[in-house]
file work_28.cif (mmCIF, C-alpha atoms (C1' of nucleotides))
data_upload
#
loop_
_atom_site.label_atom_id
_atom_site.label_comp_id
_atom_site.auth_asym_id
_atom_site.auth_seq_id
_atom_site.Cartn_x
_atom_site.Cartn_y
_atom_site.Cartn_z
CA MET A 1 52.28 82.37 89.97
CA ASN A 2 55.53 81.61 91.77
CA ILE A 3 58.97 82.35 90.45
CA GLY A 4 59.52 78.62 90.03
CA GLU A 5 56.41 78.24 87.94
CA ALA A 6 57.30 81.32 85.92
CA ALA A 7 60.74 79.86 85.35
CA ALA A 8 59.35 76.54 84.16
CA ALA A 9 56.81 78.24 81.93
CA SER A 10 59.22 80.75 80.39
CA GLY A 11 62.42 78.78 80.12
CA VAL A 12 64.25 81.42 82.15
CA SER A 13 65.72 80.10 85.39
CA ALA A 14 64.49 81.55 88.68
CA LYS A 15 68.04 82.67 89.24
CA MET A 16 68.07 84.68 86.05
CA ILE A 17 64.60 86.12 86.62
CA ARG A 18 65.85 87.60 89.90
CA HIS A 19 68.96 88.77 88.12
CA TYR A 20 66.99 90.48 85.36
CA GLU A 21 64.93 92.21 88.01
CA SER A 22 68.03 93.35 89.86
CA ILE A 23 69.52 94.96 86.75
CA GLY A 24 66.22 96.59 85.83
CA LEU A 25 65.57 94.56 82.69
CA ILE A 26 62.16 93.61 84.03
CA LYS A 27 60.06 95.54 86.52
CA SER A 28 60.16 94.50 90.16
CA ALA A 29 57.66 91.71 90.69
CA ASP A 30 54.79 92.14 93.10
CA ARG A 31 55.14 90.23 96.33
CA THR A 32 52.84 88.15 98.46
CA GLY A 33 52.50 89.04 102.12
CA SER A 34 55.36 86.71 102.92
CA GLY A 35 57.67 88.16 100.29
CA TYR A 36 57.27 85.66 97.47
CA ARG A 37 57.46 87.13 93.98
CA VAL A 38 54.26 86.87 91.95
CA TYR A 39 54.11 86.72 88.16
CA SER A 40 51.26 87.32 85.74
CA GLY A 41 50.66 86.09 82.22
CA ASN A 42 51.97 89.41 81.01
CA ASP A 43 55.19 88.94 82.94
CA LEU A 44 55.49 85.50 81.39
CA GLU A 45 55.30 87.00 77.92
CA THR A 46 58.11 89.35 78.79
CA LEU A 47 60.22 86.51 80.12
CA ARG A 48 59.64 84.47 76.99
CA PHE A 49 60.58 87.49 74.89
CA ILE A 50 63.84 87.79 76.79
CA ARG A 51 64.49 84.10 76.50
CA ARG A 52 63.94 84.15 72.76
CA GLY A 53 66.18 87.17 72.45
CA ARG A 54 68.96 85.38 74.32
CA ASP A 55 68.48 82.33 72.12
CA LEU A 56 69.04 84.58 69.13
CA GLY A 57 72.26 85.80 70.74
CA PHE A 58 71.20 89.33 71.62
CA SER A 59 72.97 90.92 74.54
CA ILE A 60 71.02 92.03 77.58
CA GLU A 61 71.38 95.64 76.49
CA GLN A 62 70.08 94.86 73.03
CA ILE A 63 67.16 93.03 74.58
CA ARG A 64 66.50 95.99 76.84
CA HIS A 65 66.26 98.09 73.73
CA LEU A 66 64.08 95.56 71.92
CA LEU A 67 61.77 95.30 74.91
CA ALA A 68 61.29 99.06 74.87
CA LEU A 69 60.48 98.96 71.18
CA TRP A 70 58.11 96.04 71.71
CA ARG A 71 56.18 98.05 74.26
CA ASP A 72 56.24 101.19 72.13
CA ARG A 73 53.20 100.88 69.93
CA SER A 74 54.41 103.78 67.83
CA ARG A 75 57.84 102.29 67.18
CA ALA A 76 59.44 102.42 63.77
CA SER A 77 60.22 98.97 62.41
CA SER A 78 63.42 100.46 61.04
CA ASP A 79 64.69 100.73 64.62
CA VAL A 80 64.07 97.06 65.23
CA LYS A 81 65.58 96.10 61.92
CA ARG A 82 68.69 98.15 62.59
CA ILE A 83 69.32 96.38 65.88
CA ALA A 84 68.75 93.00 64.30
CA LEU A 85 71.01 93.64 61.34
CA GLN A 86 73.72 95.08 63.52
CA HIS A 87 73.56 91.92 65.56
CA VAL A 88 73.75 89.83 62.40
CA GLU A 89 76.94 91.65 61.55
CA GLU A 90 78.35 90.90 64.98
CA LEU A 91 77.45 87.26 64.51
CA GLU A 92 79.09 87.19 61.12
CA ALA A 93 82.24 88.86 62.40
CA LYS A 94 82.48 86.27 65.15
CA MET A 95 81.90 83.47 62.66
CA ARG A 96 84.69 84.77 60.46
CA GLN A 97 87.05 84.74 63.44
CA LEU A 98 86.11 81.19 64.36
CA GLN A 99 86.33 80.15 60.74
CA GLU A 100 89.83 81.46 60.43
CA MET A 101 90.91 79.69 63.61
CA ALA A 102 89.33 76.46 62.46
CA ASN A 103 90.85 76.69 58.99
CA THR A 104 94.32 77.21 60.39
CA LEU A 105 93.96 74.34 62.82
CA ARG A 106 92.51 71.97 60.28
CA HIS A 107 95.32 72.82 57.90
CA LEU A 108 97.91 72.14 60.57
CA ALA A 109 96.19 68.96 61.72
CA THR A 110 96.12 67.67 58.17
CA HIS A 111 99.89 67.71 58.19
CA CYS A 112 100.24 66.14 61.62
CA HIS A 113 101.00 62.44 61.58
CA GLY A 114 98.99 61.90 64.74
CA ASP A 115 101.06 58.93 65.79
CA GLY A 116 103.52 58.19 68.55
CA ARG A 117 106.26 60.41 67.17
CA PRO A 118 106.79 63.86 68.67
CA ASP A 119 107.06 65.88 65.42
CA CYS A 120 103.97 67.96 65.06
CA PRO A 121 103.27 70.99 62.89
CA ILE A 122 100.60 72.13 65.34
CA ILE A 123 103.07 72.46 68.19
CA GLN A 124 105.59 73.97 65.84
CA ASP A 125 103.14 76.58 64.67
CA LEU A 126 102.33 77.51 68.25
CA ALA A 127 106.02 77.86 69.00
CA HIS A 128 106.94 79.60 65.73
CA PRO A 129 103.88 80.76 63.87
CA ASP A 130 105.78 82.25 60.97
CA ALA A 131 107.88 79.25 60.08
CA ASP A 132 105.25 77.45 57.95
CA ASP A 133 106.55 74.22 59.38
CA PHE A 134 106.36 70.99 57.50
CA VAL A 135 104.17 72.46 54.82
CA PRO A 136 105.54 72.07 51.30
CA PRO A 137 105.87 75.52 49.68
CA VAL A 138 103.15 74.83 47.17
CA ALA A 139 100.54 74.06 49.80
CA ALA A 140 101.48 76.86 52.18
CA SER A 141 98.88 79.60 52.05
CA LYS A 142 99.76 83.04 53.18
CA ARG A 143 98.74 83.39 56.77
CA SER A 144 97.12 86.69 57.55
CA GLY A 145 97.58 88.51 60.82
CA ALA A 146 96.73 86.72 64.00
CA LEU A 147 93.17 87.07 65.18
CA LYS A 148 93.00 88.98 68.37
CA GLY A 149 89.45 88.16 69.28
CA THR A 150 88.70 85.46 71.79
CA LEU A 151 85.83 83.08 71.58
CA ALA A 152 83.91 85.09 74.08
CA GLY A 153 84.75 88.53 72.84
CA MET B 1 114.05 92.09 80.79
CA ASN B 2 111.14 93.86 82.53
CA ILE B 3 107.54 92.69 82.47
CA GLY B 4 106.71 95.68 80.30
CA GLU B 5 109.35 94.77 77.75
CA ALA B 6 108.28 91.13 77.84
CA ALA B 7 104.72 92.25 77.26
CA ALA B 8 105.67 94.39 74.28
CA ALA B 9 107.84 91.64 72.82
CA SER B 10 105.32 88.83 73.29
CA GLY B 11 102.01 90.52 72.66
CA VAL B 12 100.76 89.44 76.08
CA SER B 13 99.85 92.33 78.37
CA ALA B 14 101.76 92.75 81.63
CA LYS B 15 98.45 92.29 83.36
CA MET B 16 97.93 88.91 81.75
CA ILE B 17 101.53 87.80 82.33
CA ARG B 18 101.01 88.31 86.06
CA HIS B 19 97.69 86.54 85.79
CA TYR B 20 99.20 83.54 84.00
CA GLU B 21 101.81 83.35 86.69
CA SER B 22 99.18 83.51 89.42
CA ILE B 23 97.23 80.58 87.96
CA GLY B 24 100.38 78.55 87.41
CA LEU B 25 100.31 78.61 83.63
CA ILE B 26 103.86 79.93 83.59
CA LYS B 27 106.49 79.50 86.25
CA SER B 28 107.04 82.29 88.76
CA ALA B 29 109.41 84.81 87.27
CA ASP B 30 112.72 85.53 88.94
CA ARG B 31 112.89 88.88 90.72
CA THR B 32 115.43 91.63 90.97
CA GLY B 33 116.52 92.76 94.42
CA SER B 34 113.72 95.28 94.43
CA GLY B 35 111.04 92.81 93.43
CA TYR B 36 110.76 93.44 89.70
CA ARG B 37 109.97 90.38 87.59
CA VAL B 38 112.72 89.39 85.15
CA TYR B 39 112.14 87.53 81.89
CA SER B 40 114.52 85.60 79.65
CA GLY B 41 114.37 84.78 75.97
CA ASN B 42 113.03 81.40 76.94
CA ASP B 43 110.21 82.97 78.91
CA LEU B 44 109.43 85.09 75.89
CA GLU B 45 109.03 82.01 73.75
CA THR B 46 106.57 80.61 76.23
CA LEU B 47 104.59 83.82 76.26
CA ARG B 48 104.46 83.90 72.48
CA PHE B 49 103.31 80.29 72.48
CA ILE B 50 100.49 81.19 74.85
CA ARG B 51 99.59 84.22 72.80
CA ARG B 52 99.43 82.19 69.63
CA GLY B 53 97.31 79.60 71.38
CA ARG B 54 94.87 82.26 72.52
CA ASP B 55 94.74 83.68 69.01
CA LEU B 56 93.74 80.22 67.81
CA GLY B 57 90.97 80.21 70.39
CA PHE B 58 92.38 77.59 72.77
CA SER B 59 91.29 77.88 76.37
CA ILE B 60 93.84 78.40 79.10
CA GLU B 61 93.47 74.78 80.15
CA GLN B 62 94.02 73.56 76.62
CA ILE B 63 97.09 75.76 76.41
CA ARG B 64 98.32 74.39 79.69
CA HIS B 65 98.08 70.96 78.15
CA LEU B 66 99.73 72.05 74.91
CA LEU B 67 102.56 73.70 76.81
CA ALA B 68 103.23 70.46 78.66
CA LEU B 69 103.32 68.56 75.36
CA TRP B 70 105.57 71.19 73.83
CA ARG B 71 108.07 70.70 76.63
CA ASP B 72 107.77 66.94 76.52
CA ARG B 73 110.29 65.87 73.94
CA SER B 74 108.86 62.34 73.97
CA ARG B 75 105.30 63.50 73.30
CA ALA B 76 103.07 61.68 70.86
CA SER B 77 101.86 63.95 68.07
CA SER B 78 98.53 62.14 68.33
CA ASP B 79 97.98 63.86 71.68
CA VAL B 80 98.53 67.26 70.14
CA LYS B 81 96.34 66.43 67.18
CA ARG B 82 93.54 65.22 69.42
CA ILE B 83 93.47 68.49 71.33
CA ALA B 84 93.54 70.50 68.14
CA LEU B 85 90.78 68.53 66.45
CA GLN B 86 88.64 68.61 69.54
CA HIS B 87 89.01 72.36 69.54
CA VAL B 88 88.10 72.49 65.87
CA GLU B 89 84.90 70.67 66.73
CA GLU B 90 84.15 73.19 69.45
CA LEU B 91 84.73 75.98 66.97
CA GLU B 92 82.47 74.35 64.44
CA ALA B 93 79.72 73.79 66.98
CA LYS B 94 79.88 77.44 67.94
CA MET B 95 79.83 78.47 64.31
CA ARG B 96 76.74 76.37 63.69
CA GLN B 97 75.00 78.10 66.60
CA LEU B 98 75.90 81.53 65.32
CA GLN B 99 74.93 80.53 61.81
CA GLU B 100 71.51 79.45 62.94
CA MET B 101 70.97 82.68 64.84
CA ALA B 102 72.11 84.74 61.89
CA ASN B 103 69.99 82.79 59.43
CA THR B 104 66.87 83.28 61.52
CA LEU B 105 67.53 86.97 61.97
CA ARG B 106 68.35 87.57 58.34
CA HIS B 107 65.19 85.76 57.36
CA LEU B 108 63.10 87.86 59.72
CA ALA B 109 64.83 91.08 58.68
CA THR B 110 64.16 90.32 55.04
CA HIS B 111 60.46 90.49 55.79
CA CYS B 112 60.68 93.63 57.91
CA HIS B 113 59.73 96.80 56.08
CA GLY B 114 62.28 98.80 58.03
CA ASP B 115 60.28 102.00 57.74
CA GLY B 116 58.35 104.22 60.12
CA ARG B 117 55.53 101.74 60.68
CA PRO B 118 55.48 99.61 63.83
CA ASP B 119 54.73 96.24 62.24
CA CYS B 120 57.80 94.09 62.42
CA PRO B 121 58.24 90.34 62.07
CA ILE B 122 61.37 90.52 64.19
CA ILE B 123 59.53 91.86 67.20
CA GLN B 124 56.69 89.47 66.53
CA ASP B 125 59.04 86.51 66.45
CA LEU B 126 60.57 87.56 69.74
CA ALA B 127 57.11 87.86 71.26
CA HIS B 128 55.67 84.72 69.65
CA PRO B 129 58.43 82.58 68.14
CA ASP B 130 56.06 79.87 66.90
CA ALA B 131 53.67 82.06 65.00
CA ASP B 132 55.74 82.24 61.80
CA ASP B 133 54.63 85.83 61.50
CA PHE B 134 54.30 87.46 58.16
CA VAL B 135 55.97 84.59 56.40
CA PRO B 136 53.93 83.03 53.61
CA PRO B 137 53.42 79.30 54.30
CA VAL B 138 55.53 78.28 51.36
CA ALA B 139 58.59 80.19 52.55
CA ALA B 140 58.30 79.22 56.19
CA SER B 141 60.94 76.69 57.05
CA LYS B 142 60.54 74.43 60.04
CA ARG B 143 62.22 76.10 62.94
CA SER B 144 64.19 73.67 65.00
CA GLY B 145 64.51 73.93 68.74
CA ALA B 146 65.86 77.11 70.22
CA LEU B 147 69.59 77.28 70.62
CA LYS B 148 70.50 77.38 74.23
CA GLY B 149 74.10 78.39 73.82
CA THR B 150 75.12 81.97 74.25
CA LEU B 151 77.72 83.71 72.18
CA ALA B 152 80.24 83.20 74.89
CA GLY B 153 79.28 79.72 75.93
"C1'" DC C 1 53.25 69.44 113.94
"C1'" DT C 2 56.65 67.63 111.15
"C1'" DT C 3 58.65 67.10 106.69
"C1'" DG C 4 60.07 68.36 102.35
"C1'" DA C 5 59.84 71.41 98.67
"C1'" DC C 6 59.88 75.93 97.69
"C1'" DC C 7 61.01 80.80 98.42
"C1'" DT C 8 64.15 84.78 100.19
"C1'" DT C 9 68.78 87.30 100.31
"C1'" DA C 10 73.70 87.31 99.96
"C1'" DC C 11 77.87 85.84 98.57
"C1'" DC C 12 81.31 83.26 95.46
"C1'" DA C 13 82.58 81.05 91.05
"C1'" DC C 14 83.61 80.64 86.17
"C1'" DG C 15 87.05 82.68 81.77
"C1'" DA C 16 89.77 86.09 80.22
"C1'" DT C 17 90.68 90.60 80.41
"C1'" DG C 18 90.88 95.50 81.72
"C1'" DG C 19 90.87 99.45 85.08
"C1'" DG C 20 92.40 101.74 88.93
"C1'" DA C 21 94.44 102.93 93.54
"C1'" DA C 22 98.31 103.14 96.73
"C1'" DG C 23 102.92 102.73 97.19
"C1'" DC C 24 107.83 101.58 95.86
"C1'" DC C 25 111.72 101.88 92.30
"C1'" DC C 26 114.56 103.54 88.52
"C1'" DT C 27 116.35 106.88 85.43
"C1'" DA C 28 117.00 111.33 83.46
"C1'" DT C 29 117.36 116.03 84.03
"C1'" DC C 30 118.47 120.09 86.55
"C1'" DG D 1 121.78 115.29 95.24
"C1'" DA D 2 116.91 116.41 94.57
"C1'" DT D 3 112.96 115.97 91.91
"C1'" DA D 4 109.78 114.47 88.20
"C1'" DG D 5 107.92 110.94 85.34
"C1'" DG D 6 107.23 106.59 84.20
"C1'" DG D 7 107.32 101.71 85.33
"C1'" DC D 8 106.89 98.29 88.70
"C1'" DT D 9 104.40 95.98 92.83
"C1'" DT D 10 99.98 94.12 95.08
"C1'" DC D 11 95.08 94.22 95.76
"C1'" DC D 12 90.47 94.94 94.62
"C1'" DC D 13 86.65 95.68 91.33
"C1'" DA D 14 84.21 95.31 86.69
"C1'" DT D 15 82.77 92.98 82.72
"C1'" DC D 16 78.86 89.14 80.84
"C1'" DG D 17 75.60 85.66 81.77
"C1'" DT D 18 74.96 81.98 84.45
"C1'" DG D 19 75.29 78.59 88.20
"C1'" DG D 20 76.14 77.10 93.03
"C1'" DT D 21 75.49 77.28 97.82
"C1'" DA D 22 74.40 78.66 102.52
"C1'" DA D 23 71.27 80.41 106.01
"C1'" DG D 24 66.87 81.29 106.92
"C1'" DG D 25 61.60 81.93 106.17
"C1'" DT D 26 57.14 79.82 104.11
"C1'" DC D 27 53.78 76.77 102.34
"C1'" DA D 28 51.23 72.55 101.63
"C1'" DA D 29 50.60 67.75 102.39
"C1'" DG D 30 50.60 64.14 105.54
#
call {"tool": "encode", "arguments": {"input": "work_28.cif", "output": "structure tokens"}}
result
Amino acid sequence: MNIGEAAAASGVSAKMIRHYESIGLIKSADRTGSGYRVYSGNDLETLRFIRRGRDLGFSIEQIRHLLALWRDRSRASSDVKRIALQHVEELEAKMRQLQEMANTLRHLATHCHGDGRPDCPIIQDLAHPDADDFVPPVAASKRSGALKGTLAG
Amino acid sequence: MNIGEAAAASGVSAKMIRHYESIGLIKSADRTGSGYRVYSGNDLETLRFIRRGRDLGFSIEQIRHLLALWRDRSRASSDVKRIALQHVEELEAKMRQLQEMANTLRHLATHCHGDGRPDCPIIQDLAHPDADDFVPPVAASKRSGALKGTLAG
DNA sequence: CTTGACCTTACCACGATGGGAAGCCCTATC
DNA sequence: GATAGGGCTTCCCATCGTGGTAAGGTCAAG
């Protein structure tokens, strides 16, 4: 089985299959006489495992760990569970960051006329975040410290 | 004012100030005779604006746009609002992705013993996502298509 | 035997940030 | 005035996961 066929069958691009090989996430594929990589059904399973792990948001290093546990027939499920739950915490932390950004922006947008006039609490917040522009005192919620995390962090 | 002082006062690292200059997000700083960059109070405001924008999760390109609107005294607040609300949608889309990942993982982890035994629905899902391992039929929810997005996407 | 689709390696790009090296500059202390 | 230390300069590399592209070899169908 070619790398292209393996890619189509696993959902991992040929590009990424080569990449995973180069970083040692998967073992080096056997080659035909002319240098083409050859994949077996077993290799396909591994690729699908990786693909599923990426879909669940695991990092390559976490997947490396999970792959080792998968292959270890005497693994402790507690090890797997720990990795999964740690990842859930990462996901939740990221969600909280995004939530806070979105809440702030929605709040500001609510008070933006969104017409042809230049006055805009969104721009004013960006320029002077602590001014609580345009927001009547009663509606102004205390803004907690700025989130340092980026979307990609 | 030095780049180091500007960095401390704006919350943007000296490294990133130089980077923003190199990509044309901020204008090239004036230099002293010996080549040191010099920053004014006005420059500081711009840096804080950028910093605040990053904290709200805007991309550099979105911030470039917002900066232009900020400087444009005849801007339409609708333009600002559109950018902000589009970003809110991006944030919400990302949150939904993360939420789905977290839900799946929490569900799987709930059914993982987390002890010394090797059996683990998490590993089994990674290996065979469509098998609905270990989950009694009544509790198994239809799994929708795999999320392609990464955490950073 | 040609053509087109596939494979190979190798490099560059993104987005945003950090790290480090090599060299110049400024200030404080002796 | 000399010297030490910290800050500044530019330039390159790394991250993380993925895609693009170029130059060349290979395979299968016509």
call {"tool": "residues_around", "arguments": {"input": "work_28.cif", "residues": "stretch 106-108 of chain B", "least_positions_apart": "4", "cutoff": "8 Å", "atoms": "only C-alpha atoms (C1' of nucleotides)", "output": "MDAnalysis selection string"}}
result
(chainID A and resid 85 88) or (chainID B and resid 102 112 121:122 125)
call {"tool": "calpha_fit_and_write", "arguments": {"input": "work_28.cif", "fixed": "chain A", "moving": "chain B", "output": "compact mmCIF listing (two decimals) with C-alpha atoms, in the coordinates of the input"}}
result
# COMPACT_ATOMS: atom_id res chain seq x y z
CA MET B 1 52.27 82.41 90.02
CA ASN B 2 55.56 81.65 91.84
CA ILE B 3 59.01 82.41 90.48
CA GLY B 4 59.56 78.68 90.09
CA GLU B 5 56.44 78.27 88.01
CA ALA B 6 57.31 81.35 85.97
CA ALA B 7 60.74 79.89 85.39
CA ALA B 8 59.35 76.56 84.23
CA ALA B 9 56.80 78.25 81.99
CA SER B 10 59.21 80.74 80.42
CA GLY B 11 62.42 78.79 80.15
CA VAL B 12 64.25 81.43 82.18
CA SER B 13 65.73 80.13 85.42
CA ALA B 14 64.51 81.59 88.71
CA LYS B 15 68.06 82.70 89.27
CA MET B 16 68.08 84.69 86.06
CA ILE B 17 64.61 86.15 86.65
CA ARG B 18 65.86 87.64 89.91
CA HIS B 19 68.97 88.81 88.12
CA TYR B 20 66.99 90.51 85.35
CA GLU B 21 64.94 92.23 87.98
CA SER B 22 68.05 93.38 89.83
CA ILE B 23 69.52 94.99 86.70
CA GLY B 24 66.22 96.60 85.79
CA LEU B 25 65.56 94.57 82.67
CA ILE B 26 62.15 93.62 84.01
CA LYS B 27 60.06 95.53 86.49
CA SER B 28 60.15 94.51 90.15
CA ALA B 29 57.68 91.73 90.69
CA ASP B 30 54.80 92.18 93.08
CA ARG B 31 55.15 90.28 96.35
CA THR B 32 52.86 88.21 98.49
CA GLY B 33 52.52 89.13 102.15
CA SER B 34 55.40 86.83 102.95
CA GLY B 35 57.70 88.25 100.31
CA TYR B 36 57.29 85.75 97.49
CA ARG B 37 57.49 87.19 93.98
CA VAL B 38 54.27 86.91 91.97
CA TYR B 39 54.11 86.75 88.18
CA SER B 40 51.25 87.35 85.76
CA GLY B 41 50.64 86.10 82.25
CA ASN B 42 51.96 89.41 81.02
CA ASP B 43 55.19 88.95 82.94
CA LEU B 44 55.48 85.52 81.40
CA GLU B 45 55.30 86.99 77.93
CA THR B 46 58.11 89.34 78.78
CA LEU B 47 60.23 86.52 80.11
CA ARG B 48 59.63 84.46 77.00
CA PHE B 49 60.57 87.46 74.88
CA ILE B 50 63.83 87.78 76.78
CA ARG B 51 64.48 84.08 76.50
CA ARG B 52 63.92 84.13 72.77
CA GLY B 53 66.20 87.13 72.46
CA ARG B 54 68.95 85.33 74.33
CA ASP B 55 68.48 82.27 72.14
CA LEU B 56 69.04 84.53 69.14
CA GLY B 57 72.25 85.73 70.74
CA PHE B 58 71.19 89.28 71.61
CA SER B 59 72.96 90.86 74.54
CA ILE B 60 71.02 92.00 77.56
CA GLU B 61 71.39 95.61 76.46
CA GLN B 62 70.11 94.82 73.00
CA ILE B 63 67.18 93.02 74.57
CA ARG B 64 66.53 95.97 76.81
CA HIS B 65 66.28 98.06 73.68
CA LEU B 66 64.10 95.53 71.88
CA LEU B 67 61.78 95.29 74.87
CA ALA B 68 61.31 99.05 74.83
CA LEU B 69 60.48 98.94 71.11
CA TRP B 70 58.13 96.03 71.66
CA ARG B 71 56.19 98.05 74.20
CA ASP B 72 56.26 101.17 72.08
CA ARG B 73 53.24 100.87 69.86
CA SER B 74 54.46 103.80 67.76
CA ARG B 75 57.88 102.27 67.13
CA ALA B 76 59.49 102.41 63.72
CA SER B 77 60.26 98.94 62.37
CA SER B 78 63.48 100.43 60.99
CA ASP B 79 64.76 100.69 64.57
CA VAL B 80 64.10 97.03 65.18
CA LYS B 81 65.63 96.06 61.87
CA ARG B 82 68.74 98.10 62.56
CA ILE B 83 69.36 96.32 65.85
CA ALA B 84 68.78 92.94 64.27
CA LEU B 85 71.05 93.57 61.30
CA GLN B 86 73.75 95.01 63.50
CA HIS B 87 73.59 91.84 65.54
CA VAL B 88 73.78 89.75 62.39
CA GLU B 89 76.98 91.57 61.53
CA GLU B 90 78.38 90.81 64.97
CA LEU B 91 77.48 87.18 64.49
CA GLU B 92 79.12 87.10 61.10
CA ALA B 93 82.27 88.76 62.39
CA LYS B 94 82.50 86.17 65.13
CA MET B 95 81.90 83.39 62.65
CA ARG B 96 84.70 84.67 60.44
CA GLN B 97 87.05 84.63 63.43
CA LEU B 98 86.11 81.09 64.34
CA GLN B 99 86.33 80.05 60.72
CA GLU B 100 89.84 81.36 60.43
CA MET B 101 90.91 79.59 63.60
CA ALA B 102 89.33 76.35 62.45
CA ASN B 103 90.83 76.60 58.98
CA THR B 104 94.32 77.10 60.38
CA LEU B 105 93.96 74.24 62.81
CA ARG B 106 92.49 71.87 60.27
CA HIS B 107 95.30 72.72 57.91
CA LEU B 108 97.91 72.05 60.56
CA ALA B 109 96.19 68.87 61.72
CA THR B 110 96.10 67.57 58.18
CA HIS B 111 99.88 67.61 58.18
CA CYS B 112 100.24 66.06 61.63
CA HIS B 113 100.99 62.36 61.59
CA GLY B 114 98.97 61.83 64.75
CA ASP B 115 101.05 58.84 65.80
CA GLY B 116 103.52 58.09 68.57
CA ARG B 117 106.25 60.34 67.20
CA PRO B 118 106.80 63.79 68.68
CA ASP B 119 107.05 65.78 65.45
CA CYS B 120 103.96 67.88 65.06
CA PRO B 121 103.26 70.90 62.88
CA ILE B 122 100.61 72.04 65.34
CA ILE B 123 103.06 72.38 68.18
CA GLN B 124 105.59 73.89 65.83
CA ASP B 125 103.11 76.50 64.66
CA LEU B 126 102.30 77.42 68.23
CA ALA B 127 106.00 77.77 68.99
CA HIS B 128 106.94 79.51 65.73
CA PRO B 129 103.83 80.69 63.88
CA ASP B 130 105.76 82.21 60.98
CA ALA B 131 107.86 79.21 60.09
CA ASP B 132 105.22 77.50 57.93
CA ASP B 133 106.44 74.23 59.35
CA PHE B 134 106.21 71.07 57.37
CA VAL B 135 104.08 72.68 54.73
CA PRO B 136 105.46 72.43 51.20
CA PRO B 137 105.89 75.93 49.72
CA VAL B 138 103.21 75.37 47.15
CA ALA B 139 100.54 74.55 49.73
CA ALA B 140 101.47 77.27 52.18
CA SER B 141 98.92 80.02 52.07
CA LYS B 142 99.76 83.48 53.29
CA ARG B 143 98.76 83.68 56.89
CA SER B 144 97.10 86.94 57.70
CA GLY B 145 97.52 88.70 61.00
CA ALA B 146 96.65 86.85 64.16
CA LEU B 147 93.09 87.13 65.29
CA LYS B 148 92.90 88.99 68.51
CA GLY B 149 89.34 88.12 69.40
CA THR B 150 88.62 85.36 71.83
CA LEU B 151 85.76 82.94 71.52
CA ALA B 152 83.79 84.94 73.98
CA GLY B 153 84.74 88.39 72.84
call {"tool": "closest_atom_pairs", "arguments": {"input": "work_28.cif", "of": "chain D", "to": "stretch 5-26 of chain C", "cutoff": "10 Å", "atoms": "all atoms listed in the file", "output": "JSON lines"}}
result
{"residue": "D:DG6", "atom": "C1'", "partner": "C:DC26", "partner_atom": "C1'", "distance": 9.0}
{"residue": "D:DG7", "atom": "C1'", "partner": "C:DC26", "partner_atom": "C1'", "distance": 8.1}
{"residue": "D:DC8", "atom": "C1'", "partner": "C:DC25", "partner_atom": "C1'", "distance": 7.0}
{"residue": "D:DT9", "atom": "C1'", "partner": "C:DC24", "partner_atom": "C1'", "distance": 7.2}
{"residue": "D:DT10", "atom": "C1'", "partner": "C:DA22", "partner_atom": "C1'", "distance": 9.3}
{"residue": "D:DC11", "atom": "C1'", "partner": "C:DA21", "partner_atom": "C1'", "distance": 9.0}
{"residue": "D:DC12", "atom": "C1'", "partner": "C:DA21", "partner_atom": "C1'", "distance": 9.0}
{"residue": "D:DC13", "atom": "C1'", "partner": "C:DG19", "partner_atom": "C1'", "distance": 8.4}
{"residue": "D:DA14", "atom": "C1'", "partner": "C:DG19", "partner_atom": "C1'", "distance": 8.0}
{"residue": "D:DT15", "atom": "C1'", "partner": "C:DG18", "partner_atom": "C1'", "distance": 8.6}
{"residue": "D:DT18", "atom": "C1'", "partner": "C:DC14", "partner_atom": "C1'", "distance": 8.9}
{"residue": "D:DG19", "atom": "C1'", "partner": "C:DA13", "partner_atom": "C1'", "distance": 8.2}
{"residue": "D:DG20", "atom": "C1'", "partner": "C:DA13", "partner_atom": "C1'", "distance": 7.8}
{"residue": "D:DT21", "atom": "C1'", "partner": "C:DC12", "partner_atom": "C1'", "distance": 8.7}
{"residue": "D:DA22", "atom": "C1'", "partner": "C:DC11", "partner_atom": "C1'", "distance": 8.9}
{"residue": "D:DA23", "atom": "C1'", "partner": "C:DT9", "partner_atom": "C1'", "distance": 9.3}
{"residue": "D:DG24", "atom": "C1'", "partner": "C:DT8", "partner_atom": "C1'", "distance": 8.1}
{"residue": "D:DG25", "atom": "C1'", "partner": "C:DT8", "partner_atom": "C1'", "distance": 7.1}
{"residue": "D:DT26", "atom": "C1'", "partner": "C:DC7", "partner_atom": "C1'", "distance": 7.0}
{"residue": "D:DC27", "atom": "C1'", "partner": "C:DC6", "partner_atom": "C1'", "distance": 7.7}
{"residue": "D:DA28", "atom": "C1'", "partner": "C:DA5", "partner_atom": "C1'", "distance": 9.2}
call {"tool": "residues_near_point", "arguments": {"input": "work_28.cif", "point": "(101.1, 76.9, 75.4)", "cutoff": "7 Å", "atoms": "all atoms listed in the file", "output": "list of chain:residue names"}}
result
B:Thr46, B:Phe49, B:Ile50, B:Gly53, B:Ile63, B:Arg64, B:Leu66, B:Leu67
call {"tool": "closest_atom_pairs", "arguments": {"input": "work_28.cif", "of": "chain A", "to": "chain D", "cutoff": "9 Å", "atoms": "all atoms listed in the file", "output": "Markdown table"}}
result
| residue | atom | partner | partner_atom | distance |
| --- | --- | --- | --- | --- |
| A:Lys15 | CA | D:DG19 | C1' | 8.4 |
| A:Met16 | CA | D:DT18 | C1' | 7.6 |
| A:Ser34 | CA | D:DT26 | C1' | 7.2 |
| A:Tyr36 | CA | D:DT26 | C1' | 8.8 |
| A:Ser59 | CA | D:DC16 | C1' | 8.8 |
| A:Ile60 | CA | D:DG17 | C1' | 8.9 |
call {"tool": "atom_distance", "arguments": {"input": "work_28.cif", "atom1": "atom CA of B:His65", "atom2": "atom CA of B:Ser77"}}
result
12.8 Å
